[in-house]
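Source file: start.cif (mmCIF, C-alpha atoms)
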data_query
#
loop_
_atom_site.label_atom_id
_atom_site.label_comp_id
_atom_site.auth_asym_id
_atom_site.auth_seq_id
_atom_site.Cartn_x
_atom_site.Cartn_y
_atom_site.Cartn_z
CA MET A 177 -167.81 38.56 99.61
CA ASN A 178 -164.22 39.53 100.34
CA LYS A 179 -162.72 38.77 103.71
CA ILE A 180 -161.73 42.11 105.21
CA ILE A 181 -160.18 43.23 108.48
CA THR A 182 -161.24 46.62 109.85
CA ILE A 183 -159.17 48.19 112.59
CA SER A 184 -160.70 50.88 114.77
CA ARG A 185 -158.26 52.31 117.27
CA GLU A 186 -157.68 54.85 119.94
CA PHE A 187 -155.20 57.55 119.03
CA GLY A 188 -151.70 56.45 120.10
CA SER A 189 -152.62 52.79 120.60
CA GLY A 190 -150.50 51.61 117.67
CA GLY A 191 -153.53 50.48 115.65
CA ARG A 192 -152.09 51.80 112.39
CA THR A 193 -148.79 49.94 112.93
CA ILE A 194 -150.73 46.78 113.82
CA GLY A 195 -152.87 47.10 110.67
CA ARG A 196 -149.81 47.39 108.44
CA ARG A 197 -148.10 44.47 110.15
CA VAL A 198 -151.21 42.25 109.78
CA ALA A 199 -151.41 43.10 106.08
CA GLU A 200 -147.71 42.30 105.70
CA ILE A 201 -148.09 38.90 107.41
CA LEU A 202 -151.11 38.02 105.26
CA GLY A 203 -149.75 39.52 102.04
CA ILE A 204 -152.82 41.72 101.46
CA PRO A 205 -153.08 45.53 101.11
CA CYS A 206 -153.58 47.86 104.07
CA TYR A 207 -155.66 50.97 103.30
CA ASP A 208 -155.02 53.96 105.46
CA GLN A 209 -153.11 56.78 103.78
CA GLU A 210 -154.51 55.59 100.41
CA ILE A 211 -158.03 56.42 101.57
CA ILE A 212 -157.00 59.95 102.49
CA GLU A 213 -155.32 60.47 99.13
CA GLN A 214 -158.28 59.18 97.14
CA VAL A 215 -160.81 61.14 99.18
CA ALA A 216 -158.72 64.30 98.75
CA ASP A 217 -158.58 63.62 95.04
CA GLU A 218 -162.30 62.98 94.60
CA SER A 219 -163.60 65.66 96.98
CA GLY A 220 -161.13 68.42 96.16
CA PHE A 221 -160.31 68.91 99.86
CA ALA A 222 -156.68 69.10 100.97
CA LYS A 223 -155.14 65.92 102.37
CA ASP A 224 -154.58 67.47 105.79
CA TYR A 225 -158.20 68.50 105.93
CA VAL A 226 -159.37 64.98 105.01
CA GLU A 227 -157.05 63.43 107.56
CA GLU A 228 -158.41 65.65 110.30
CA TYR A 229 -162.11 65.87 109.53
CA GLY A 230 -162.70 62.43 107.98
CA GLU A 231 -162.40 60.85 111.39
CA TYR A 232 -162.81 63.57 114.00
CA LYS A 233 -165.82 65.63 114.83
CA SER A 234 -165.06 69.34 114.46
CA SER A 235 -164.18 71.01 117.72
CA GLY A 236 -165.76 74.20 116.46
CA GLY A 237 -168.65 73.98 118.91
CA TRP A 238 -172.16 75.28 118.47
CA LEU A 239 -171.25 78.06 116.04
CA SER A 240 -169.77 75.77 113.39
CA ASP A 241 -172.62 73.30 113.97
CA ALA A 242 -175.12 76.10 113.50
CA PHE A 243 -173.51 77.01 110.17
CA SER A 244 -173.65 73.35 109.10
CA VAL A 245 -177.32 73.15 109.98
CA ALA A 246 -178.04 76.42 108.17
CA ASN A 247 -176.22 75.05 105.17
CA SER A 248 -178.26 71.83 105.26
CA THR A 249 -181.48 73.75 105.65
CA LEU A 250 -180.59 75.68 102.52
CA GLY A 251 -180.26 72.37 100.71
CA GLY A 252 -176.47 72.14 100.81
CA MET A 253 -174.24 69.58 102.50
CA SER A 254 -171.75 70.49 105.21
CA ASN A 255 -168.08 69.90 104.38
CA SER A 256 -168.15 67.09 106.90
CA ASP A 257 -171.05 65.39 105.12
CA VAL A 258 -169.38 65.72 101.73
CA LEU A 259 -166.30 64.12 103.23
CA TRP A 260 -168.35 61.29 104.75
CA VAL A 261 -170.10 60.49 101.47
CA THR A 262 -166.86 60.54 99.47
CA GLN A 263 -165.01 58.51 102.06
CA ARG A 264 -167.81 55.92 102.11
CA LYS A 265 -167.64 55.57 98.32
CA VAL A 266 -163.84 55.20 98.31
CA ILE A 267 -164.00 52.51 101.03
CA LEU A 268 -166.76 50.57 99.23
CA ASP A 269 -164.76 50.67 95.98
CA LEU A 270 -161.54 49.48 97.61
CA ALA A 271 -163.43 46.68 99.39
CA GLN A 272 -164.51 45.31 95.99
CA LYS A 273 -160.92 44.74 94.92
CA GLY A 274 -160.13 41.83 97.27
CA PRO A 275 -159.16 40.87 100.81
CA CYS A 276 -157.53 43.77 102.66
CA VAL A 277 -157.09 45.68 105.93
CA PHE A 278 -158.76 49.04 106.62
CA VAL A 279 -157.50 51.29 109.39
CA GLY A 280 -160.09 53.61 110.91
CA ARG A 281 -162.58 55.83 109.05
CA CYS A 282 -165.66 53.86 110.24
CA ALA A 283 -164.92 51.12 107.68
CA ASP A 284 -166.43 48.57 110.10
CA TYR A 285 -169.78 50.35 109.87
CA ILE A 286 -169.58 51.15 106.16
CA LEU A 287 -168.77 47.56 105.16
CA GLU A 288 -171.31 45.83 107.43
CA ASN A 289 -173.04 43.11 105.36
CA LYS A 290 -170.92 44.10 102.35
CA ALA A 291 -167.87 41.97 103.20
CA GLU A 292 -166.93 39.07 105.46
CA LEU A 293 -165.64 41.25 108.28
CA ILE A 294 -163.25 40.74 111.15
CA LYS A 295 -163.86 43.90 113.18
CA VAL A 296 -161.00 44.80 115.50
CA PHE A 297 -160.73 47.52 118.13
CA ILE A 298 -157.28 48.45 119.48
CA HIS A 299 -156.99 50.38 122.72
CA SER A 300 -154.45 51.02 125.43
CA ASP A 301 -154.27 52.94 128.68
CA LEU A 302 -153.47 56.65 128.78
CA GLU A 303 -149.96 56.07 130.13
CA CYS A 304 -148.85 53.72 127.31
CA ARG A 305 -150.44 55.96 124.68
CA SER A 306 -148.91 59.13 126.09
CA LYS A 307 -145.46 57.54 125.91
CA ARG A 308 -146.11 56.44 122.35
CA ILE A 309 -147.35 59.76 120.98
CA VAL A 310 -144.42 61.65 122.50
CA GLU A 311 -142.04 59.15 120.86
CA MET A 312 -143.85 59.39 117.51
CA TYR A 313 -144.98 63.01 117.29
CA GLY A 314 -142.71 64.77 119.77
CA GLU A 315 -143.49 67.06 122.68
CA ASN A 316 -146.13 69.77 122.47
CA SER A 317 -147.28 72.67 124.62
CA VAL A 318 -150.32 70.58 125.55
CA THR A 319 -149.64 67.52 127.75
CA PRO A 320 -149.95 64.17 125.93
CA GLU A 321 -152.80 63.11 128.29
CA LYS A 322 -154.78 66.21 127.38
CA ARG A 323 -154.11 65.72 123.65
CA LEU A 324 -155.29 62.11 123.88
CA LYS A 325 -158.45 62.96 125.78
CA VAL A 326 -159.46 65.57 123.19
CA LYS A 327 -158.70 63.17 120.32
CA ASP A 328 -160.65 60.32 121.99
CA LYS A 329 -163.64 62.52 122.56
CA ARG A 330 -163.72 63.92 119.03
CA ARG A 331 -163.24 60.52 117.40
CA ALA A 332 -166.00 58.93 119.50
CA ALA A 333 -168.28 61.88 118.65
CA TYR A 334 -167.59 61.47 114.93
CA TYR A 335 -168.31 57.76 115.08
CA ARG A 336 -171.53 58.29 117.04
CA PHE A 337 -172.72 61.03 114.70
CA TYR A 338 -172.30 59.07 111.47
CA THR A 339 -172.98 55.50 112.63
CA GLU A 340 -175.37 56.00 115.56
CA THR A 341 -173.32 53.34 117.33
CA GLU A 342 -171.19 53.62 120.43
CA TRP A 343 -167.43 53.56 119.83
CA GLY A 344 -165.33 51.12 121.85
CA LEU A 345 -168.18 48.93 123.05
CA ALA A 346 -166.92 45.31 122.98
CA LYS A 347 -170.18 44.02 121.47
CA ASN A 348 -169.59 45.92 118.22
CA TYR A 349 -166.36 44.10 117.39
CA THR A 350 -165.14 40.58 116.66
CA LEU A 351 -162.03 41.20 118.70
CA CYS A 352 -160.77 43.97 121.02
CA LEU A 353 -157.14 44.10 122.11
CA ASN A 354 -155.23 46.14 124.67
CA SER A 355 -152.02 46.80 122.73
CA GLY A 356 -150.22 48.16 125.79
CA GLU A 357 -150.65 44.88 127.68
CA ILE A 358 -150.44 42.47 124.76
CA GLY A 359 -147.77 44.19 122.66
CA ILE A 360 -147.92 45.37 119.04
CA GLU A 361 -146.39 42.25 117.48
CA ASN A 362 -148.57 39.87 119.53
CA CYS A 363 -151.68 41.82 118.53
CA ALA A 364 -150.74 41.53 114.85
CA ASN A 365 -150.17 37.78 115.22
CA ILE A 366 -153.51 37.21 117.00
CA ILE A 367 -155.39 39.05 114.23
CA ALA A 368 -153.49 37.36 111.38
CA ASN A 369 -154.03 33.90 112.93
CA LEU A 370 -157.72 34.61 113.40
CA TYR A 371 -157.96 35.65 109.75
CA LYS A 372 -156.47 32.31 108.72
CA THR A 373 -158.54 30.09 111.03
CA GLU A 374 -161.81 31.94 111.62
CA ASN A 375 -164.98 29.91 111.29
CA CYS A 376 -168.42 30.32 112.80
CA GLU A 377 -169.48 27.23 114.74
CA MET B 67 -147.97 37.82 141.87
CA ASN B 68 -149.77 34.90 140.26
CA LYS B 69 -150.72 35.06 136.61
CA ILE B 70 -154.49 34.81 136.48
CA ILE B 71 -157.09 34.83 133.71
CA THR B 72 -160.48 36.36 134.52
CA ILE B 73 -163.37 35.69 132.18
CA SER B 74 -166.38 37.98 132.22
CA ARG B 75 -169.12 36.87 129.87
CA GLU B 76 -172.57 37.52 128.61
CA PHE B 77 -175.08 34.86 129.54
CA GLY B 78 -175.19 32.22 126.79
CA SER B 79 -171.92 33.29 125.15
CA GLY B 80 -170.10 30.09 126.15
CA GLY B 81 -167.71 31.95 128.49
CA ARG B 82 -167.86 29.20 131.12
CA THR B 83 -167.01 26.50 128.56
CA ILE B 84 -164.17 28.65 127.22
CA GLY B 85 -162.80 29.20 130.75
CA ARG B 86 -162.74 25.46 131.44
CA ARG B 87 -161.12 24.72 128.10
CA VAL B 88 -158.40 27.36 128.66
CA ALA B 89 -157.65 25.89 132.10
CA GLU B 90 -157.48 22.42 130.58
CA ILE B 91 -155.04 23.54 127.86
CA LEU B 92 -152.83 25.31 130.41
CA GLY B 93 -153.15 22.64 133.13
CA ILE B 94 -154.31 25.13 135.78
CA PRO B 95 -157.54 25.19 137.84
CA CYS B 96 -160.73 26.93 136.67
CA TYR B 97 -162.82 28.42 139.49
CA ASP B 98 -166.50 28.77 138.81
CA GLN B 99 -168.73 26.27 140.64
CA GLU B 100 -166.07 26.05 143.40
CA ILE B 101 -166.60 29.73 144.23
CA ILE B 102 -170.33 29.20 144.62
CA GLU B 103 -169.79 26.20 146.89
CA GLN B 104 -167.29 27.99 149.10
CA VAL B 105 -169.38 31.15 149.33
CA ALA B 106 -172.45 29.06 150.24
CA ASP B 107 -170.38 27.30 152.86
CA GLU B 108 -168.93 30.45 154.41
CA SER B 109 -172.04 32.63 154.23
CA GLY B 110 -174.68 30.05 155.09
CA PHE B 111 -176.72 30.95 152.00
CA ALA B 112 -178.03 28.17 149.74
CA LYS B 113 -176.00 27.42 146.59
CA ASP B 114 -178.88 28.42 144.28
CA TYR B 115 -179.15 31.73 146.07
CA VAL B 116 -175.42 32.40 145.75
CA GLU B 117 -175.46 31.44 142.08
CA GLU B 118 -178.33 33.84 141.39
CA TYR B 119 -177.50 36.82 143.59
CA GLY B 120 -173.69 36.68 143.57
CA GLU B 121 -173.68 37.93 140.01
CA TYR B 122 -177.08 39.42 139.24
CA LYS B 123 -178.70 42.47 140.70
CA SER B 124 -182.03 41.64 142.31
CA SER B 125 -184.98 42.29 140.04
CA GLY B 126 -187.06 43.20 143.11
CA GLY B 127 -187.20 46.87 142.13
CA TRP B 128 -187.44 49.88 144.41
CA LEU B 129 -189.22 48.08 147.26
CA SER B 130 -186.44 45.54 147.84
CA ASP B 131 -183.87 48.31 147.37
CA ALA B 132 -185.71 50.40 149.96
CA PHE B 133 -185.57 47.52 152.45
CA SER B 134 -181.83 47.09 151.77
CA VAL B 135 -181.22 50.77 152.38
CA ALA B 136 -183.34 50.67 155.57
CA ASN B 137 -181.34 47.67 156.69
CA SER B 138 -178.04 49.47 156.01
CA THR B 139 -179.27 52.57 157.81
CA LEU B 140 -179.95 50.42 160.85
CA GLY B 141 -176.34 49.28 160.73
CA GLY B 142 -176.97 45.92 159.08
CA MET B 143 -175.76 44.64 155.70
CA SER B 144 -178.13 43.57 152.95
CA ASN B 145 -177.96 39.90 151.89
CA SER B 146 -176.44 41.09 148.66
CA ASP B 147 -173.65 42.95 150.49
CA VAL B 148 -172.90 39.94 152.71
CA LEU B 149 -172.64 37.84 149.57
CA TRP B 150 -170.33 40.38 147.93
CA VAL B 151 -167.97 40.51 150.91
CA THR B 152 -167.82 36.72 151.26
CA GLN B 153 -167.36 36.22 147.53
CA ARG B 154 -164.55 38.77 147.47
CA LYS B 155 -162.74 36.97 150.30
CA VAL B 156 -163.12 33.53 148.62
CA ILE B 157 -161.76 34.90 145.32
CA LEU B 158 -158.79 36.60 147.02
CA ASP B 159 -157.97 33.37 148.89
CA LEU B 160 -158.13 31.21 145.75
CA ALA B 161 -155.97 33.72 143.85
CA GLN B 162 -153.20 33.19 146.42
CA LYS B 163 -152.94 29.50 145.59
CA GLY B 164 -151.39 29.86 142.13
CA PRO B 165 -152.11 30.55 138.44
CA CYS B 166 -155.77 29.88 137.57
CA VAL B 167 -158.85 30.91 135.62
CA PHE B 168 -161.83 32.68 137.22
CA VAL B 169 -165.20 32.75 135.47
CA GLY B 170 -167.42 35.73 136.31
CA ARG B 171 -168.19 37.14 139.76
CA CYS B 172 -166.33 40.43 139.16
CA ALA B 173 -162.99 38.67 139.72
CA ASP B 174 -161.39 41.10 137.26
CA TYR B 175 -162.27 44.00 139.54
CA ILE B 176 -161.55 42.18 142.82
CA LEU B 177 -158.07 41.04 141.71
CA GLU B 178 -156.95 44.34 140.14
CA ASN B 179 -153.36 45.00 141.30
CA LYS B 180 -153.44 41.76 143.30
CA ALA B 181 -152.42 39.43 140.48
CA GLU B 182 -150.88 39.61 137.01
CA LEU B 183 -154.21 39.67 135.18
CA ILE B 184 -155.36 38.79 131.69
CA LYS B 185 -158.87 40.20 131.69
CA VAL B 186 -161.14 38.64 129.08
CA PHE B 187 -164.69 39.54 128.05
CA ILE B 188 -166.69 37.03 125.99
CA HIS B 189 -169.79 38.15 124.12
CA SER B 190 -171.90 37.07 121.20
CA ASP B 191 -174.97 38.31 119.36
CA LEU B 192 -178.50 37.59 120.58
CA GLU B 193 -179.16 35.04 117.85
CA CYS B 194 -176.13 32.83 118.64
CA ARG B 195 -176.78 33.07 122.38
CA SER B 196 -180.49 32.27 122.03
CA LYS B 197 -179.64 29.13 120.10
CA ARG B 198 -177.10 28.15 122.74
CA ILE B 199 -179.30 28.64 125.81
CA VAL B 200 -182.16 26.66 124.25
CA GLU B 201 -179.69 23.81 123.53
CA MET B 202 -178.24 23.97 127.05
CA TYR B 203 -181.18 24.84 129.26
CA GLY B 204 -184.18 23.85 127.13
CA GLU B 205 -187.27 25.82 126.13
CA ASN B 206 -189.11 28.08 128.53
CA SER B 207 -192.36 30.03 128.53
CA VAL B 208 -190.30 33.22 128.07
CA THR B 209 -188.57 33.59 124.67
CA PRO B 210 -184.76 33.12 124.79
CA GLU B 211 -184.23 36.70 123.55
CA LYS B 212 -186.28 38.08 126.43
CA ARG B 213 -184.48 35.84 128.96
CA LEU B 214 -181.11 37.04 127.67
CA LYS B 215 -182.05 40.70 127.77
CA VAL B 216 -183.17 40.46 131.39
CA LYS B 217 -180.00 38.52 132.36
CA ASP B 218 -177.74 41.03 130.54
CA LYS B 219 -179.41 43.95 132.23
CA ARG B 220 -179.22 42.47 135.73
CA ARG B 221 -175.61 41.34 135.34
CA ALA B 222 -174.50 44.76 134.07
CA ALA B 223 -176.39 46.42 136.95
CA TYR B 224 -174.67 44.15 139.51
CA TYR B 225 -171.27 44.90 138.03
CA ARG B 226 -171.92 48.65 137.95
CA PHE B 227 -173.21 48.68 141.52
CA TYR B 228 -170.25 46.91 143.10
CA THR B 229 -167.38 48.03 140.85
CA GLU B 230 -168.55 51.47 139.65
CA THR B 231 -167.24 50.42 136.25
CA GLU B 232 -169.14 49.84 133.03
CA TRP B 233 -169.54 46.20 132.01
CA GLY B 234 -168.56 45.24 128.47
CA LEU B 235 -166.55 48.35 127.66
CA ALA B 236 -163.49 47.24 125.63
CA LYS B 237 -161.15 49.52 127.60
CA ASN B 238 -161.67 47.53 130.79
CA TYR B 239 -160.27 44.29 129.37
CA THR B 240 -157.04 42.92 127.93
CA LEU B 241 -158.99 41.00 125.32
CA CYS B 242 -162.64 40.87 124.17
CA LEU B 243 -163.87 38.10 121.91
CA ASN B 244 -167.09 37.49 119.99
CA SER B 245 -167.48 33.73 120.56
CA GLY B 246 -170.29 33.43 117.97
CA GLU B 247 -168.02 34.70 115.18
CA ILE B 248 -164.72 33.24 116.39
CA GLY B 249 -165.93 29.91 117.78
CA ILE B 250 -165.52 28.44 121.28
CA GLU B 251 -162.37 26.41 120.56
CA ASN B 252 -160.65 29.28 118.72
CA CYS B 253 -161.42 31.63 121.63
CA ALA B 254 -159.86 29.17 124.09
CA ASN B 255 -156.75 28.85 121.92
CA ILE B 256 -156.32 32.63 121.56
CA ILE B 257 -156.52 33.08 125.35
CA ALA B 258 -154.22 30.15 126.14
CA ASN B 259 -151.64 31.33 123.60
CA LEU B 260 -151.76 34.85 125.00
CA TYR B 261 -151.21 33.46 128.49
CA LYS B 262 -148.08 31.69 127.25
CA THR B 263 -146.63 34.59 125.26
CA GLU B 264 -147.91 37.78 126.89
CA ASN B 265 -145.39 40.52 127.52
CA CYS B 266 -145.71 44.26 127.82
CA GLU B 267 -143.51 46.05 125.33
#
As structure tokens, please, write out the structure in this file.
Amino acid sequence: MNKIITISREFGSGGRTIGRRVAEILGIPCYDQEIIEQVADESGFAKDYVEEYGEYKSSGGWLSDAFSVANSTLGGMSNSDVLWVTQRKVILDLAQKGPCVFVGRCADYILENKAELIKVFIHSDLECRSKRIVEMYGENSVTPEKRLKVKDKRRAAYYRFYTETEWGLAKNYTLCLNSGEIGIENCANIIANLYKTENCE
Amino acid sequence: MNKIITISREFGSGGRTIGRRVAEILGIPCYDQEIIEQVADESGFAKDYVEEYGEYKSSGGWLSDAFSVANSTLGGMSNSDVLWVTQRKVILDLAQKGPCVFVGRCADYILENKAELIKVFIHSDLECRSKRIVEMYGENSVTPEKRLKVKDKRRAAYYRFYTETEWGLAKNYTLCLNSGEIGIENCANIIANLYKTENCE
């Protein structure tokens, strides 16, 4: 089984940057944007759509849910389910190729028992993340705190829906790090060192 | 403010051993048994009683809770509350003395904003912990899995009652480690290294 690092992260916590840095230190690939491109390619959905709905529960409320259910009852799959199935296949295929880092997309759940996993969760407090998303994505009519809270809620809902597991519970990960307190570079070093030395006693 | 490491841990996860090892590496004191002794001394309760009820919610159910409430209504404090207040004072006093490691007893919550904290949570799966508690404490008429589940539940309930915070949620800690996957010695090294290098970006 390949040794694989999965990084789940709160929006704005720097998890993506940490994933890339870990991969760079270890000289292995980091899959993030690649997954979106492949899923878009295989499913026929636009990249933006995959990026948004391959990790976040729709905020459409009961009406869009009702349509999904109606669709399922008629024997069809909702867009979200099609995306999930395609994404799962792409992740499983990439995991066969060799040691690597996956950022997000429930890879921790999808690869359980299918790879030697180091499951990481990156989080940070609202203040640090607000500062970061304004720096990275600019200002917006909605306050950064509000944007983060909506993102957190939708990502946790997506995770719960498809994995039946609670998101951000320490017990589900090998390692959880507060990137705001520890720092991006330190987080990357801790993960890379663990990858090199990990052994079960 | 003193730089202090607090270690919260699941029963049987090796958190106490990790705390001592970290303190040894860093050459600072580890407070664990000392807290129990001082609380016993100041409160007048027996050491065994402090050890049991200074970290676990009573399993007495509604009847003992009802008596506690009745007691409070009459202007008195329940034993558990007396213990909490004494324990809090002992922890605050020890934290004044210098850099150190605290194991358990809600020190993370008690010292919030009163020290420069590295808050650690140590956990491990039921199988690893069962093996460990049988090695350390011997067999028992109750299966190790059952013993662990009761301990987990009571410790989480104690934490929730006195801190109004959820126990074991990644967001509440600087660092969470699965000691079964990472290994006791590796956990201690990660924490000690973080203590030496930590800086907020």
For the file shown, what are the residues hit by the PyMOL selection byres ((chain A) within 12 of (chain B)), laid out as a PyMOL selection string? chain A and resi 184-186+189-190+292-302+304+307-308+342-363+365-377
Which residue gives the smallest distance to Ala89 (chain B) among B:Glu193, B:Ile176, B:Arg171, B:Ile71, with only C-alpha atoms counted? B:Ile71
Excluding Tyr115 (chain B) and its own-chain neighbours fewer than 4 positions away, which residues fall within 10 Å of it when counting only C-alpha atoms? Please give them as a list in words.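 The residues satisfying every condition are Ile102, Ala106, Phe111, Tyr119, Gly120 and Leu149 of chain B.
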Within 12 Å of region 151-161 of chain B, counting all atoms listed in the file, which residues qualify if same-chain residues fewer than 4 places away don't, as a VMD selection string? chain B and resid 67 to 72 94 to 98 100 to 111 116 to 117 119 to 121 143 to 147 165 to 183 228 to 229
Which is closer to Gly203 (chain A) than all the others in A:Asp328, A:Glu311, A:Gly274, A:Lys233, using only C-alpha atoms? A:Gly274
For CA of Glu205 (chain B) and CA of Phe77 (chain B), the interatomic separation in Å (one decimal):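 Result for CA of Glu205 (chain B) versus CA of Phe77 (chain B): 15.6 Å, one decimal.
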Atom pair CA of Gln272 (chain A) + CA of Lys223 (chain A), distance 23.5 Å
State, in Å with one decimal place, the distance from CA of Val310 (chain A) to CA of Arg196 (chain A).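 Atom-to-atom, CA of Val310 (chain A) to CA of Arg196 (chain A), that is 20.7 Å.
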Would you please work out which residue, of B:Ser196, B:Thr83, B:Thr231, B:Gln99, is nearest to Val208 (chain B) when using all atoms listed in the file?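 Of all the options, B:Ser196 lies closest to Val208 (chain B).
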Can I get N, CA, C and O atoms for region 248-259 of chain B, as an mmCIF file, in the first residue's frame?
data_model
loop_
_atom_site.group_PDB
_atom_site.id
_atom_site.type_symbol
_atom_site.label_atom_id
_atom_site.label_comp_id
_atom_site.auth_asym_id
_atom_site.auth_seq_id
_atom_site.Cartn_x
_atom_site.Cartn_y
_atom_site.Cartn_z
ATOM 1 N N ILE B 248 1.157 7.235 15.848
ATOM 2 C CA ILE B 248 2.409 7.995 15.803
ATOM 3 C C ILE B 248 3.466 7.395 16.731
ATOM 4 O O ILE B 248 4.661 7.443 16.421
ATOM 5 N N GLY B 249 3.039 6.819 17.830
ATOM 6 C CA GLY B 249 3.979 6.258 18.810
ATOM 7 C C GLY B 249 4.263 7.274 19.918
ATOM 8 O O GLY B 249 4.327 8.470 19.669
ATOM 9 N N ILE B 250 4.438 6.754 21.133
ATOM 10 C CA ILE B 250 4.616 7.588 22.322
ATOM 11 C C ILE B 250 5.843 8.517 22.187
ATOM 12 O O ILE B 250 5.765 9.724 22.409
ATOM 13 N N GLU B 251 6.979 7.928 21.803
ATOM 14 C CA GLU B 251 8.224 8.700 21.746
ATOM 15 C C GLU B 251 8.153 9.773 20.653
ATOM 16 O O GLU B 251 8.565 10.916 20.862
ATOM 17 N N ASN B 252 7.584 9.417 19.498
ATOM 18 C CA ASN B 252 7.414 10.407 18.427
ATOM 19 C C ASN B 252 6.505 11.556 18.864
ATOM 20 O O ASN B 252 6.760 12.717 18.549
ATOM 21 N N CYS B 253 5.432 11.226 19.575
ATOM 22 C CA CYS B 253 4.518 12.277 20.071
ATOM 23 C C CYS B 253 5.287 13.244 20.967
ATOM 24 O O CYS B 253 5.175 14.470 20.825
ATOM 25 N N ALA B 254 6.068 12.677 21.894
ATOM 26 C CA ALA B 254 6.831 13.522 22.828
ATOM 27 C C ALA B 254 7.799 14.430 22.063
ATOM 28 O O ALA B 254 7.926 15.623 22.381
ATOM 29 N N ASN B 255 8.443 13.879 21.037
ATOM 30 C CA ASN B 255 9.395 14.683 20.261
ATOM 31 C C ASN B 255 8.697 15.807 19.490
ATOM 32 O O ASN B 255 9.211 16.927 19.424
ATOM 33 N N ILE B 256 7.538 15.500 18.898
ATOM 34 C CA ILE B 256 6.802 16.535 18.154
ATOM 35 C C ILE B 256 6.442 17.696 19.086
ATOM 36 O O ILE B 256 6.627 18.866 18.756
ATOM 37 N N ILE B 257 5.942 17.361 20.280
ATOM 38 C CA ILE B 257 5.529 18.403 21.232
ATOM 39 C C ILE B 257 6.735 19.209 21.720
ATOM 40 O O ILE B 257 6.696 20.447 21.752
ATOM 41 N N ALA B 258 7.806 18.511 22.061
ATOM 42 C CA ALA B 258 9.003 19.202 22.576
ATOM 43 C C ALA B 258 9.605 20.112 21.496
ATOM 44 O O ALA B 258 9.987 21.254 21.777
ATOM 45 N N ASN B 259 9.638 19.627 20.265
ATOM 46 C CA ASN B 259 10.168 20.452 19.169
ATOM 47 C C ASN B 259 9.294 21.682 18.935
ATOM 48 O O ASN B 259 9.795 22.778 18.712
#
